[in-house]
file entry-v7.cif (mmCIF, C-alpha atoms)
data_model
#
loop_
_atom_site.label_atom_id
_atom_site.label_comp_id
_atom_site.auth_asym_id
_atom_site.auth_seq_id
_atom_site.Cartn_x
_atom_site.Cartn_y
_atom_site.Cartn_z
CA MET A 1 24.71 -5.41 -0.87
CA SER A 2 27.05 -8.38 -0.69
CA SER A 3 26.42 -12.10 -0.34
CA ARG A 4 28.18 -14.70 1.75
CA THR A 5 27.01 -18.32 1.85
CA ASN A 6 23.58 -17.22 0.56
CA VAL A 7 23.19 -14.57 3.25
CA SER A 8 22.55 -11.12 1.76
CA CYS A 9 24.15 -8.31 3.74
CA LEU A 10 22.06 -5.15 3.60
CA HIS A 11 22.53 -1.64 4.90
CA GLU A 12 20.75 -0.97 8.18
CA ALA A 13 17.58 1.09 8.08
CA LYS A 14 18.26 4.20 10.12
CA ARG A 15 15.48 6.56 8.99
CA VAL A 16 11.83 5.56 8.88
CA ALA A 17 8.78 7.66 8.06
CA ILE A 18 5.15 6.79 8.74
CA PHE A 19 2.77 8.60 6.40
CA GLY A 20 -0.88 9.13 7.20
CA GLY A 21 -3.33 11.25 5.24
CA THR A 22 -1.98 10.62 1.76
CA HIS A 23 -5.72 10.45 1.20
CA GLY A 24 -7.41 12.92 3.49
CA ASN A 25 -10.51 10.85 4.28
CA GLU A 26 -8.76 7.62 5.34
CA MET A 27 -8.99 8.03 9.07
CA SER A 28 -6.92 5.24 10.65
CA GLY A 29 -3.55 6.44 9.39
CA ILE A 30 -4.43 10.08 10.02
CA THR A 31 -5.45 9.35 13.61
CA LEU A 32 -2.41 7.17 14.33
CA VAL A 33 0.05 9.67 12.89
CA ASN A 34 -1.50 12.58 14.79
CA MET A 35 -1.44 10.48 17.96
CA TRP A 36 2.23 9.60 17.45
CA LYS A 37 3.13 13.20 16.69
CA GLN A 38 1.76 14.09 20.14
CA ASN A 39 3.40 11.12 21.90
CA SER A 40 5.89 8.97 20.00
CA ALA A 41 6.73 6.59 22.86
CA GLU A 42 5.13 3.48 21.34
CA ILE A 43 6.90 3.85 17.99
CA GLU A 44 10.35 4.67 19.36
CA ARG A 45 13.01 2.03 18.71
CA ASN A 46 16.73 1.90 19.56
CA GLY A 47 18.90 3.59 16.96
CA LEU A 48 15.98 4.57 14.73
CA LEU A 49 14.86 8.01 13.62
CA ILE A 50 11.10 7.60 13.11
CA LYS A 51 9.05 10.48 11.71
CA PRO A 52 5.23 10.35 11.75
CA PHE A 53 4.00 12.65 8.98
CA ILE A 54 0.72 13.91 7.52
CA SER A 55 1.18 13.73 3.75
CA ASN A 56 -1.74 15.82 2.52
CA PRO A 57 -2.74 18.26 5.27
CA LYS A 58 -5.16 20.31 3.14
CA ALA A 59 -7.10 17.19 2.15
CA VAL A 60 -7.08 15.98 5.77
CA LYS A 61 -8.50 19.30 6.93
CA LYS A 62 -11.35 19.00 4.42
CA CYS A 63 -11.74 15.23 4.98
CA THR A 64 -11.55 14.63 1.24
CA ARG A 65 -9.38 12.23 -0.77
CA TYR A 66 -7.41 15.06 -2.40
CA ILE A 67 -7.61 18.72 -3.36
CA ASP A 68 -6.57 18.83 -7.03
CA THR A 69 -5.26 15.38 -7.94
CA ASP A 70 -4.43 12.05 -6.28
CA LEU A 71 -1.22 12.50 -4.26
CA ASN A 72 -0.61 8.75 -4.39
CA ARG A 73 -0.22 8.96 -8.19
CA ALA A 74 1.70 12.25 -8.25
CA PHE A 75 5.31 11.08 -7.77
CA THR A 76 6.20 10.88 -11.46
CA PRO A 77 9.54 12.14 -12.79
CA GLU A 78 7.66 14.86 -14.67
CA ASN A 79 5.92 16.14 -11.54
CA LEU A 80 8.99 15.94 -9.32
CA SER A 81 11.07 17.90 -11.83
CA ALA A 82 8.35 20.46 -12.62
CA PRO A 83 9.39 24.08 -12.00
CA ASP A 84 7.91 25.79 -8.95
CA VAL A 85 5.50 28.09 -10.74
CA GLU A 86 2.25 29.73 -9.73
CA GLY A 87 -0.79 27.59 -10.44
CA LEU A 88 0.91 24.23 -9.87
CA LEU A 89 -1.61 21.66 -8.63
CA TYR A 90 -1.54 21.43 -4.83
CA GLU A 91 -0.68 17.72 -4.74
CA VAL A 92 2.11 18.23 -7.27
CA GLN A 93 3.54 20.96 -5.03
CA ARG A 94 3.18 18.61 -2.08
CA ALA A 95 4.88 15.76 -3.96
CA LYS A 96 7.85 18.01 -4.65
CA GLU A 97 8.00 19.03 -0.97
CA ILE A 98 7.81 15.40 0.22
CA ASN A 99 10.49 14.42 -2.28
CA ARG A 100 12.78 17.13 -0.91
CA MET A 101 12.08 16.12 2.70
CA PHE A 102 12.29 12.33 2.38
CA GLY A 103 14.15 11.76 -0.88
CA PRO A 104 15.23 12.58 -3.43
CA LYS A 105 13.50 9.57 -4.96
CA GLY A 106 16.00 7.00 -6.17
CA SER A 107 18.95 8.59 -4.34
CA SER A 108 21.22 7.34 -1.57
CA ASP A 109 19.96 10.24 0.58
CA ALA A 110 16.35 8.99 0.56
CA TYR A 111 14.71 7.68 3.72
CA ASP A 112 15.29 3.98 4.23
CA VAL A 113 11.66 3.00 4.82
CA ILE A 114 8.33 4.75 4.34
CA PHE A 115 5.14 3.14 5.62
CA ASP A 116 2.14 4.67 3.86
CA LEU A 117 -1.10 4.04 5.79
CA HIS A 118 -4.38 3.68 3.90
CA ASN A 119 -7.94 2.56 4.43
CA THR A 120 -10.14 0.87 1.86
CA THR A 121 -13.90 0.49 1.63
CA SER A 122 -13.28 -2.98 0.17
CA ASN A 123 -13.33 -6.15 2.25
CA MET A 124 -9.55 -6.61 1.97
CA GLY A 125 -8.77 -7.05 5.64
CA SER A 126 -5.16 -6.18 6.45
CA THR A 127 -3.04 -5.93 3.31
CA LEU A 128 0.65 -5.07 2.91
CA ILE A 129 1.60 -3.60 -0.47
CA LEU A 130 4.98 -4.16 -2.09
CA GLU A 131 6.32 -2.51 -5.23
CA SER A 132 9.18 -4.93 -5.94
CA SER A 133 9.53 -8.70 -5.95
CA THR A 134 13.30 -8.41 -5.40
CA ASP A 135 13.44 -6.13 -2.35
CA LEU A 136 14.81 -8.67 0.14
CA PHE A 137 14.43 -6.32 3.10
CA ASN A 138 10.72 -5.80 2.45
CA LEU A 139 10.09 -9.47 1.67
CA GLN A 140 11.66 -10.48 4.96
CA MET A 141 9.73 -7.75 6.78
CA VAL A 142 6.31 -8.81 5.45
CA HIS A 143 7.16 -12.44 6.22
CA TYR A 144 7.93 -11.40 9.81
CA ILE A 145 4.71 -9.38 10.06
CA LYS A 146 2.56 -12.19 8.66
CA LYS A 147 3.99 -14.64 11.21
CA ALA A 148 3.56 -12.16 14.04
CA MET A 149 -0.08 -11.48 13.06
CA ALA A 150 -1.05 -15.17 12.92
CA PRO A 151 -3.66 -16.57 13.25
CA HIS A 152 -5.04 -13.34 11.75
CA THR A 153 -4.41 -13.09 8.03
CA CYS A 154 -2.38 -10.36 6.42
CA SER A 155 -2.41 -10.50 2.62
CA VAL A 156 0.42 -9.18 0.46
CA LEU A 157 -0.32 -7.29 -2.77
CA LEU A 158 2.55 -6.94 -5.24
CA ASN A 159 2.16 -3.82 -7.39
CA GLU A 160 4.75 -4.86 -9.94
CA HIS A 161 3.48 -4.84 -13.51
CA PRO A 162 5.14 -3.45 -16.67
CA GLN A 163 1.99 -1.67 -17.90
CA LEU A 164 0.63 -0.48 -14.54
CA LYS A 165 2.73 2.30 -13.08
CA TYR A 166 2.29 3.38 -9.47
CA SER A 167 3.96 6.72 -8.74
CA THR A 168 3.15 6.42 -5.05
CA THR A 169 3.92 8.70 -2.15
CA ARG A 170 5.99 5.97 -0.50
CA SER A 171 8.05 5.39 -3.66
CA VAL A 172 10.40 8.14 -2.45
CA ALA A 173 11.95 5.65 0.03
CA LYS A 174 14.53 2.95 -0.59
CA HIS A 175 12.08 0.42 0.86
CA PRO A 176 8.50 1.59 0.23
CA ILE A 177 5.68 -0.34 1.84
CA GLY A 178 1.96 0.39 1.79
CA LEU A 179 -0.67 -0.76 4.22
CA GLU A 180 -4.38 -1.01 3.37
CA VAL A 181 -6.82 -1.98 6.10
CA GLY A 182 -10.56 -2.31 5.66
CA PRO A 183 -13.39 -2.36 5.20
CA GLN A 184 -13.87 1.14 6.54
CA PRO A 185 -16.04 3.90 5.05
CA GLN A 186 -14.38 7.12 4.00
CA GLY A 187 -14.30 9.68 6.79
CA VAL A 188 -15.06 7.03 9.42
CA LEU A 189 -12.89 5.52 12.17
CA ARG A 190 -13.50 1.88 13.14
CA SER A 191 -11.72 0.54 16.23
CA ASN A 192 -10.94 -2.92 14.81
CA VAL A 193 -9.36 -1.44 11.67
CA PHE A 194 -7.46 1.14 13.72
CA GLU A 195 -6.05 -1.50 16.08
CA SER A 196 -5.08 -3.82 13.24
CA MET A 197 -3.10 -1.05 11.56
CA ARG A 198 -1.48 -0.11 14.85
CA THR A 199 -0.44 -3.71 15.54
CA ILE A 200 1.07 -4.18 12.09
CA LEU A 201 3.17 -1.05 12.52
CA LYS A 202 4.41 -2.34 15.87
CA HIS A 203 5.60 -5.60 14.30
CA ALA A 204 7.17 -3.77 11.36
CA LEU A 205 9.18 -1.48 13.62
CA ASP A 206 10.19 -4.45 15.77
CA PHE A 207 11.55 -6.16 12.66
CA ILE A 208 13.63 -3.12 11.72
CA GLU A 209 15.01 -2.83 15.24
CA PHE A 210 15.93 -6.54 15.31
CA PHE A 211 17.59 -6.30 11.88
CA ASN A 212 19.60 -3.25 12.89
CA SER A 213 20.73 -5.00 16.10
CA GLY A 214 22.35 -7.76 14.03
CA VAL A 215 19.64 -10.44 14.02
CA GLU A 216 19.98 -12.68 10.95
CA PHE A 217 16.71 -13.63 9.29
CA PRO A 218 16.75 -17.05 7.57
CA PRO A 219 15.57 -17.72 4.01
CA CYS A 220 11.80 -17.46 3.63
CA THR A 221 8.98 -17.58 1.13
CA VAL A 222 6.12 -15.10 0.86
CA ASP A 223 2.72 -15.75 -0.72
CA VAL A 224 1.75 -12.69 -2.75
CA PHE A 225 -1.04 -11.56 -5.03
CA ARG A 226 0.52 -9.96 -8.11
CA VAL A 227 -1.50 -7.22 -9.82
CA GLN A 228 -2.69 -8.19 -13.29
CA GLU A 229 -5.52 -6.03 -14.64
CA ARG A 230 -7.89 -3.26 -13.64
CA MET A 231 -11.47 -4.21 -14.44
CA ASP A 232 -14.00 -1.47 -15.18
CA TYR A 233 -17.75 -1.55 -14.72
CA PRO A 234 -19.87 -2.16 -17.82
CA ARG A 235 -20.79 1.19 -19.37
CA ASP A 236 -23.05 2.61 -22.07
CA THR A 237 -21.88 4.69 -25.01
CA ASN A 238 -22.00 7.83 -22.84
CA GLY A 239 -19.69 6.29 -20.25
CA ASN A 240 -22.40 5.72 -17.64
CA ILE A 241 -22.22 2.60 -15.46
CA THR A 242 -24.82 0.00 -16.47
CA ALA A 243 -24.11 -2.70 -13.88
CA MET A 244 -23.02 -3.26 -10.28
CA VAL A 245 -20.63 -5.72 -8.70
CA HIS A 246 -22.54 -9.00 -8.46
CA PRO A 247 -23.58 -10.00 -4.92
CA HIS A 248 -21.64 -13.26 -5.33
CA LEU A 249 -18.47 -11.22 -5.89
CA GLN A 250 -19.13 -8.37 -3.47
CA ASP A 251 -16.94 -8.58 -0.31
CA CYS A 252 -15.04 -11.59 -1.74
CA ASP A 253 -11.61 -9.96 -1.98
CA TRP A 254 -8.77 -12.49 -2.37
CA GLU A 255 -11.20 -15.34 -3.20
CA PRO A 256 -10.84 -17.15 -6.55
CA LEU A 257 -12.89 -15.89 -9.50
CA ASN A 258 -13.23 -18.67 -12.09
CA ARG A 259 -14.42 -18.60 -15.67
CA GLY A 260 -18.21 -18.63 -15.61
CA ASP A 261 -18.54 -17.08 -12.14
CA PRO A 262 -20.91 -14.10 -11.69
CA MET A 263 -19.06 -10.79 -11.96
CA PHE A 264 -21.59 -7.98 -12.55
CA LEU A 265 -25.35 -7.54 -12.22
CA THR A 266 -27.01 -5.14 -14.66
CA PHE A 267 -29.68 -2.75 -13.47
CA ASP A 268 -32.31 -4.82 -15.30
CA GLY A 269 -31.22 -7.99 -13.48
CA ARG A 270 -28.92 -9.68 -16.02
CA THR A 271 -25.81 -11.45 -14.72
CA ILE A 272 -22.49 -10.85 -16.49
CA LEU A 273 -20.06 -13.73 -16.07
CA TYR A 274 -16.29 -13.69 -15.84
CA GLU A 275 -14.93 -14.99 -19.14
CA GLY A 276 -11.18 -14.97 -18.48
CA ALA A 277 -9.20 -18.09 -19.31
CA ASN A 278 -7.47 -18.29 -15.93
CA THR A 279 -8.60 -18.14 -12.32
CA VAL A 280 -7.88 -14.74 -10.77
CA TYR A 281 -8.10 -13.30 -7.26
CA PRO A 282 -9.91 -9.96 -7.24
CA THR A 283 -9.20 -7.22 -4.76
CA PHE A 284 -10.22 -3.59 -4.21
CA ILE A 285 -13.71 -4.88 -5.07
CA ASN A 286 -16.16 -1.99 -5.38
CA GLU A 287 -13.69 0.43 -3.78
CA ALA A 288 -15.49 3.76 -3.39
CA ALA A 289 -12.45 5.84 -4.36
CA TYR A 290 -11.98 3.97 -7.63
CA TYR A 291 -15.27 4.88 -9.32
CA GLU A 292 -13.55 7.99 -10.64
CA LYS A 293 -10.69 5.82 -11.88
CA GLN A 294 -13.13 3.60 -13.78
CA GLN A 295 -12.14 0.56 -11.80
CA ALA A 296 -14.55 -1.99 -10.32
CA PHE A 297 -11.81 -4.25 -9.00
CA THR A 298 -8.25 -5.37 -9.65
CA THR A 299 -7.41 -8.91 -10.70
CA THR A 300 -4.35 -10.64 -9.28
CA CYS A 301 -2.59 -13.97 -9.62
CA ARG A 302 -1.04 -15.89 -6.76
CA GLU A 303 2.72 -16.34 -6.58
CA ILE A 304 5.27 -17.54 -4.06
CA LEU A 305 8.37 -15.36 -3.77
CA SER A 306 11.61 -16.57 -2.22
CA ALA A 307 13.98 -14.39 -0.24
CA ASN A 308 17.56 -15.07 0.80
CA ALA A 309 18.62 -14.90 4.40
CA ILE A 310 19.51 -11.32 5.34
CA ARG A 311 21.59 -9.63 7.99
CA LYS A 312 23.01 -6.18 8.55
CA ALA A 313 26.19 -5.39 6.69
CA PHE A 314 28.96 -4.56 9.16
CA LYS A 315 31.53 -1.97 8.14
#

call {"tool": "encode", "arguments": {"input": "entry-v7.cif", "output": "structure tokens"}}
result
Amino acid sequence: MSSRTNVSCLHEAKRVAIFGGTHGNEMSGITLVNMWKQNSAEIERNGLLIKPFISNPKAVKKCTRYIDTDLNRAFTPENLSAPDVEGLLYEVQRAKEINRMFGPKGSSDAYDVIFDLHNTTSNMGSTLILESSTDLFNLQMVHYIKKAMAPHTCSVLLNEHPQLKYSTTRSVAKHPIGLEVGPQPQGVLRSNVFESMRTILKHALDFIEFFNSGVEFPPCTVDVFRVQERMDYPRDTNGNITAMVHPHLQDCDWEPLNRGDPMFLTFDGRTILYEGANTVYPTFINEAAYYEKQQAFTTTCREILSANAIRKAFK
């Protein structure tokens, strides 16, 4: 990357993958990817190699989140360098295969962009997920998508935190970007969620095509919600849940949670209040898949990120 008069010149994005089925019961991405594998006309763009791909086919076949372990947490250096031995967990084997196909992770040979399509049972609406606050290409892309989606909202979650590591499927790419759309139950396909995901992918691919054609994107700012803390349910000494998400918090993803606001409701009717010093913005509230991860919701703080103007670097 080079810079001239505050314009950052970036390599064009030539290879793009669209992953569905990283979790085998999240139906929108699975359905879209299978549809595009049969007929790719609507995702084709000039000069782009675009590969729709089912990440976890065994889990998709069983309509379950995973077989042995969560594929979206499996892309650690330890797993990717593990020897190919008998008895290796299925998702670790799959992570190694995906890394060989679309990586290697962190290398110049890796795919330029991977879109990883997910559904959530939480009331998050359409949410783009970034893993870096300094990836100018992705910041400009989400800014473009948010403008194109208006007046519909499209939140941006920034998974960048020194203590919270996300070894995601999409992290193999130079520019990884996740997409969560909900609420949608596991194993269910809802038309509004499906169409929202489809529309976001259209705008994302349009952005890449415009960038590759030489369009310069001016400086921009992006409102993001930065991950802070994973909040667990109250539990007894045996680890059993003793309270539920409070009805005043349920379905209120991205809304402010202030000190003294209701957070949990115990089974005997007692309200547990939020006691944090600062206002936070919860998300993934009461996500079905996160009960096993001991997570009732994730707290975030709001930030505004700035991105330089970008254009394609010409040789």

call {"tool": "resolve_selection", "arguments": {"input": "entry-v7.cif", "expression": "the PyMOL selection byres ((chain A and resi 182) around 10)", "output": "PyMOL selection string"}}
result
chain A and resi 28+118-127+180-181+183-185+190+192-194+196-197+284

call {"tool": "resolve_selection", "arguments": {"input": "entry-v7.cif", "expression": "the PyMOL selection byres ((chain A and resi 66) around 10)", "output": "ChimeraX atom specification"}}
result
/A:21-25,56-60,62-65,67-72,90-91

call {"tool": "resolve_selection", "arguments": {"input": "entry-v7.cif", "expression": "the PyMOL selection byres ((chain A and resi 237-243) around 9)", "output": "list in words"}}
result
Tyr233, Pro234, Arg235, Asp236, Met244, Val245, His246, Phe264, Leu265, Thr266, Phe267, Asp268, Gly269, Arg270, Thr271 and Ile272 of chain A

call {"tool": "atom_distance", "arguments": {"input": "entry-v7.cif", "atom1": "CA of Ser133 in chain A", "atom2": "CA of Val280 in chain A"}}
result
19.0 Å

call {"tool": "residues_around", "arguments": {"input": "entry-v7.cif", "residues": "Met35 in chain A", "least_positions_apart": "5", "cutoff": "12 Å", "atoms": "all atoms listed in the file", "output": "PyMOL selection string"}}
result
chain A and resi 18+20+27-30+40-43+52-54+194+198

call {"tool": "decode", "arguments": {"input": "entry-v7.cif", "residues": "range 130-172 of chain A", "atoms": "N, CA and C atoms", "output": "PDB file, in the first residue's frame"}}
result
ATOM      1  N   LEU A 130     -16.538  -6.857  11.280  1.00  0.00           N
ATOM      2  CA  LEU A 130     -15.153  -6.580  10.922  1.00  0.00           C
ATOM      3  C   LEU A 130     -14.231  -7.134  12.000  1.00  0.00           C
ATOM      4  N   GLU A 131     -13.015  -7.451  11.595  1.00  0.00           N
ATOM      5  CA  GLU A 131     -12.029  -7.960  12.550  1.00  0.00           C
ATOM      6  C   GLU A 131     -10.870  -7.005  12.745  1.00  0.00           C
ATOM      7  N   SER A 132     -10.877  -5.879  12.020  1.00  0.00           N
ATOM      8  CA  SER A 132      -9.792  -4.904  12.135  1.00  0.00           C
ATOM      9  C   SER A 132     -10.331  -3.497  11.946  1.00  0.00           C
ATOM     10  N   SER A 133      -9.855  -2.585  12.785  1.00  0.00           N
ATOM     11  CA  SER A 133     -10.250  -1.174  12.665  1.00  0.00           C
ATOM     12  C   SER A 133      -9.368  -0.419  11.680  1.00  0.00           C
ATOM     13  N   THR A 134      -8.375  -1.094  11.107  1.00  0.00           N
ATOM     14  CA  THR A 134      -7.425  -0.413  10.221  1.00  0.00           C
ATOM     15  C   THR A 134      -7.462  -0.948   8.794  1.00  0.00           C
ATOM     16  N   ASP A 135      -8.380  -1.869   8.511  1.00  0.00           N
ATOM     17  CA  ASP A 135      -8.513  -2.414   7.161  1.00  0.00           C
ATOM     18  C   ASP A 135      -9.317  -1.410   6.335  1.00  0.00           C
ATOM     19  N   LEU A 136      -8.601  -0.554   5.593  1.00  0.00           N
ATOM     20  CA  LEU A 136      -9.261   0.521   4.854  1.00  0.00           C
ATOM     21  C   LEU A 136     -10.224  -0.017   3.800  1.00  0.00           C
ATOM     22  N   PHE A 137      -9.855  -1.109   3.165  1.00  0.00           N
ATOM     23  CA  PHE A 137     -10.716  -1.691   2.132  1.00  0.00           C
ATOM     24  C   PHE A 137     -12.061  -2.080   2.735  1.00  0.00           C
ATOM     25  N   ASN A 138     -12.032  -2.798   3.861  1.00  0.00           N
ATOM     26  CA  ASN A 138     -13.282  -3.227   4.484  1.00  0.00           C
ATOM     27  C   ASN A 138     -14.072  -2.057   5.064  1.00  0.00           C
ATOM     28  N   LEU A 139     -13.393  -1.069   5.628  1.00  0.00           N
ATOM     29  CA  LEU A 139     -14.103   0.096   6.151  1.00  0.00           C
ATOM     30  C   LEU A 139     -14.840   0.820   5.030  1.00  0.00           C
ATOM     31  N   GLN A 140     -14.174   1.001   3.910  1.00  0.00           N
ATOM     32  CA  GLN A 140     -14.821   1.659   2.779  1.00  0.00           C
ATOM     33  C   GLN A 140     -15.964   0.798   2.237  1.00  0.00           C
ATOM     34  N   MET A 141     -15.790  -0.521   2.238  1.00  0.00           N
ATOM     35  CA  MET A 141     -16.837  -1.395   1.728  1.00  0.00           C
ATOM     36  C   MET A 141     -18.079  -1.340   2.615  1.00  0.00           C
ATOM     37  N   VAL A 142     -17.912  -1.397   3.945  1.00  0.00           N
ATOM     38  CA  VAL A 142     -19.103  -1.362   4.803  1.00  0.00           C
ATOM     39  C   VAL A 142     -19.775   0.008   4.748  1.00  0.00           C
ATOM     40  N   HIS A 143     -18.973   1.064   4.575  1.00  0.00           N
ATOM     41  CA  HIS A 143     -19.557   2.399   4.403  1.00  0.00           C
ATOM     42  C   HIS A 143     -20.426   2.427   3.142  1.00  0.00           C
ATOM     43  N   TYR A 144     -19.922   1.852   2.069  1.00  0.00           N
ATOM     44  CA  TYR A 144     -20.678   1.789   0.810  1.00  0.00           C
ATOM     45  C   TYR A 144     -21.968   0.988   1.004  1.00  0.00           C
ATOM     46  N   ILE A 145     -21.865  -0.162   1.672  1.00  0.00           N
ATOM     47  CA  ILE A 145     -23.037  -1.017   1.878  1.00  0.00           C
ATOM     48  C   ILE A 145     -24.083  -0.298   2.727  1.00  0.00           C
ATOM     49  N   LYS A 146     -23.639   0.340   3.802  1.00  0.00           N
ATOM     50  CA  LYS A 146     -24.580   1.042   4.678  1.00  0.00           C
ATOM     51  C   LYS A 146     -25.336   2.128   3.915  1.00  0.00           C
ATOM     52  N   LYS A 147     -24.635   2.871   3.073  1.00  0.00           N
ATOM     53  CA  LYS A 147     -25.296   3.914   2.274  1.00  0.00           C
ATOM     54  C   LYS A 147     -26.270   3.293   1.274  1.00  0.00           C
ATOM     55  N   ALA A 148     -25.851   2.192   0.655  1.00  0.00           N
ATOM     56  CA  ALA A 148     -26.699   1.552  -0.346  1.00  0.00           C
ATOM     57  C   ALA A 148     -27.950   0.938   0.280  1.00  0.00           C
ATOM     58  N   MET A 149     -27.859   0.510   1.546  1.00  0.00           N
ATOM     59  CA  MET A 149     -28.988  -0.131   2.221  1.00  0.00           C
ATOM     60  C   MET A 149     -29.978   0.875   2.785  1.00  0.00           C
ATOM     61  N   ALA A 150     -29.565   2.142   2.941  1.00  0.00           N
ATOM     62  CA  ALA A 150     -30.442   3.153   3.529  1.00  0.00           C
ATOM     63  C   ALA A 150     -31.750   3.238   2.750  1.00  0.00           C
ATOM     64  N   PRO A 151     -32.891   3.443   3.441  1.00  0.00           N
ATOM     65  CA  PRO A 151     -33.025   3.806   4.855  1.00  0.00           C
ATOM     66  C   PRO A 151     -32.980   2.624   5.820  1.00  0.00           C
ATOM     67  N   HIS A 152     -32.804   1.407   5.311  1.00  0.00           N
ATOM     68  CA  HIS A 152     -32.688   0.261   6.211  1.00  0.00           C
ATOM     69  C   HIS A 152     -31.343   0.314   6.923  1.00  0.00           C
ATOM     70  N   THR A 153     -31.331  -0.052   8.185  1.00  0.00           N
ATOM     71  CA  THR A 153     -30.100  -0.007   8.962  1.00  0.00           C
ATOM     72  C   THR A 153     -29.259  -1.258   8.725  1.00  0.00           C
ATOM     73  N   CYS A 154     -27.983  -1.071   8.835  1.00  0.00           N
ATOM     74  CA  CYS A 154     -27.027  -2.167   8.748  1.00  0.00           C
ATOM     75  C   CYS A 154     -25.925  -1.850   9.754  1.00  0.00           C
ATOM     76  N   SER A 155     -25.968  -2.513  10.902  1.00  0.00           N
ATOM     77  CA  SER A 155     -25.000  -2.235  11.970  1.00  0.00           C
ATOM     78  C   SER A 155     -23.647  -2.850  11.632  1.00  0.00           C
ATOM     79  N   VAL A 156     -22.607  -2.326  12.279  1.00  0.00           N
ATOM     80  CA  VAL A 156     -21.257  -2.849  12.071  1.00  0.00           C
ATOM     81  C   VAL A 156     -20.680  -3.231  13.429  1.00  0.00           C
ATOM     82  N   LEU A 157     -20.349  -4.508  13.582  1.00  0.00           N
ATOM     83  CA  LEU A 157     -19.725  -5.029  14.802  1.00  0.00           C
ATOM     84  C   LEU A 157     -18.239  -5.194  14.559  1.00  0.00           C
ATOM     85  N   LEU A 158     -17.430  -4.623  15.444  1.00  0.00           N
ATOM     86  CA  LEU A 158     -15.971  -4.715  15.332  1.00  0.00           C
ATOM     87  C   LEU A 158     -15.463  -5.718  16.357  1.00  0.00           C
ATOM     88  N   ASN A 159     -15.024  -6.878  15.872  1.00  0.00           N
ATOM     89  CA  ASN A 159     -14.499  -7.935  16.739  1.00  0.00           C
ATOM     90  C   ASN A 159     -12.991  -7.743  16.915  1.00  0.00           C
ATOM     91  N   GLU A 160     -12.629  -6.658  17.523  1.00  0.00           N
ATOM     92  CA  GLU A 160     -11.210  -6.361  17.741  1.00  0.00           C
ATOM     93  C   GLU A 160     -11.034  -6.067  19.219  1.00  0.00           C
ATOM     94  N   HIS A 161     -10.444  -7.028  19.926  1.00  0.00           N
ATOM     95  CA  HIS A 161     -10.284  -6.907  21.379  1.00  0.00           C
ATOM     96  C   HIS A 161      -9.088  -7.754  21.787  1.00  0.00           C
ATOM     97  N   PRO A 162      -8.180  -7.226  22.603  1.00  0.00           N
ATOM     98  CA  PRO A 162      -6.937  -7.957  22.909  1.00  0.00           C
ATOM     99  C   PRO A 162      -7.165  -9.265  23.666  1.00  0.00           C
ATOM    100  N   GLN A 163      -8.246  -9.364  24.440  1.00  0.00           N
ATOM    101  CA  GLN A 163      -8.485 -10.577  25.222  1.00  0.00           C
ATOM    102  C   GLN A 163      -9.488 -11.528  24.571  1.00  0.00           C
ATOM    103  N   LEU A 164     -10.181 -11.076  23.544  1.00  0.00           N
ATOM    104  CA  LEU A 164     -11.180 -11.920  22.886  1.00  0.00           C
ATOM    105  C   LEU A 164     -10.684 -12.279  21.486  1.00  0.00           C
ATOM    106  N   LYS A 165     -10.277 -13.519  21.332  1.00  0.00           N
ATOM    107  CA  LYS A 165      -9.713 -13.955  20.057  1.00  0.00           C
ATOM    108  C   LYS A 165     -10.785 -14.667  19.229  1.00  0.00           C
ATOM    109  N   TYR A 166     -10.857 -14.324  17.964  1.00  0.00           N
ATOM    110  CA  TYR A 166     -11.825 -14.925  17.061  1.00  0.00           C
ATOM    111  C   TYR A 166     -11.075 -15.589  15.914  1.00  0.00           C
ATOM    112  N   SER A 167     -10.897 -16.905  16.015  1.00  0.00           N
ATOM    113  CA  SER A 167     -10.194 -17.648  14.966  1.00  0.00           C
ATOM    114  C   SER A 167     -11.225 -18.118  13.945  1.00  0.00           C
ATOM    115  N   THR A 168     -11.756 -17.152  13.189  1.00  0.00           N
ATOM    116  CA  THR A 168     -12.920 -17.394  12.347  1.00  0.00           C
ATOM    117  C   THR A 168     -12.562 -18.040  11.024  1.00  0.00           C
ATOM    118  N   THR A 169     -13.576 -18.631  10.411  1.00  0.00           N
ATOM    119  CA  THR A 169     -13.423 -19.234   9.092  1.00  0.00           C
ATOM    120  C   THR A 169     -12.939 -18.203   8.078  1.00  0.00           C
ATOM    121  N   ARG A 170     -13.506 -17.013   8.143  1.00  0.00           N
ATOM    122  CA  ARG A 170     -13.176 -15.969   7.164  1.00  0.00           C
ATOM    123  C   ARG A 170     -11.796 -15.366   7.387  1.00  0.00           C
ATOM    124  N   SER A 171     -11.186 -15.620   8.553  1.00  0.00           N
ATOM    125  CA  SER A 171      -9.889 -15.012   8.864  1.00  0.00           C
ATOM    126  C   SER A 171      -8.782 -15.492   7.943  1.00  0.00           C
ATOM    127  N   VAL A 172      -9.065 -16.493   7.118  1.00  0.00           N
ATOM    128  CA  VAL A 172      -8.093 -16.961   6.123  1.00  0.00           C
ATOM    129  C   VAL A 172      -7.808 -15.875   5.086  1.00  0.00           C
TER     130      VAL A 172
END
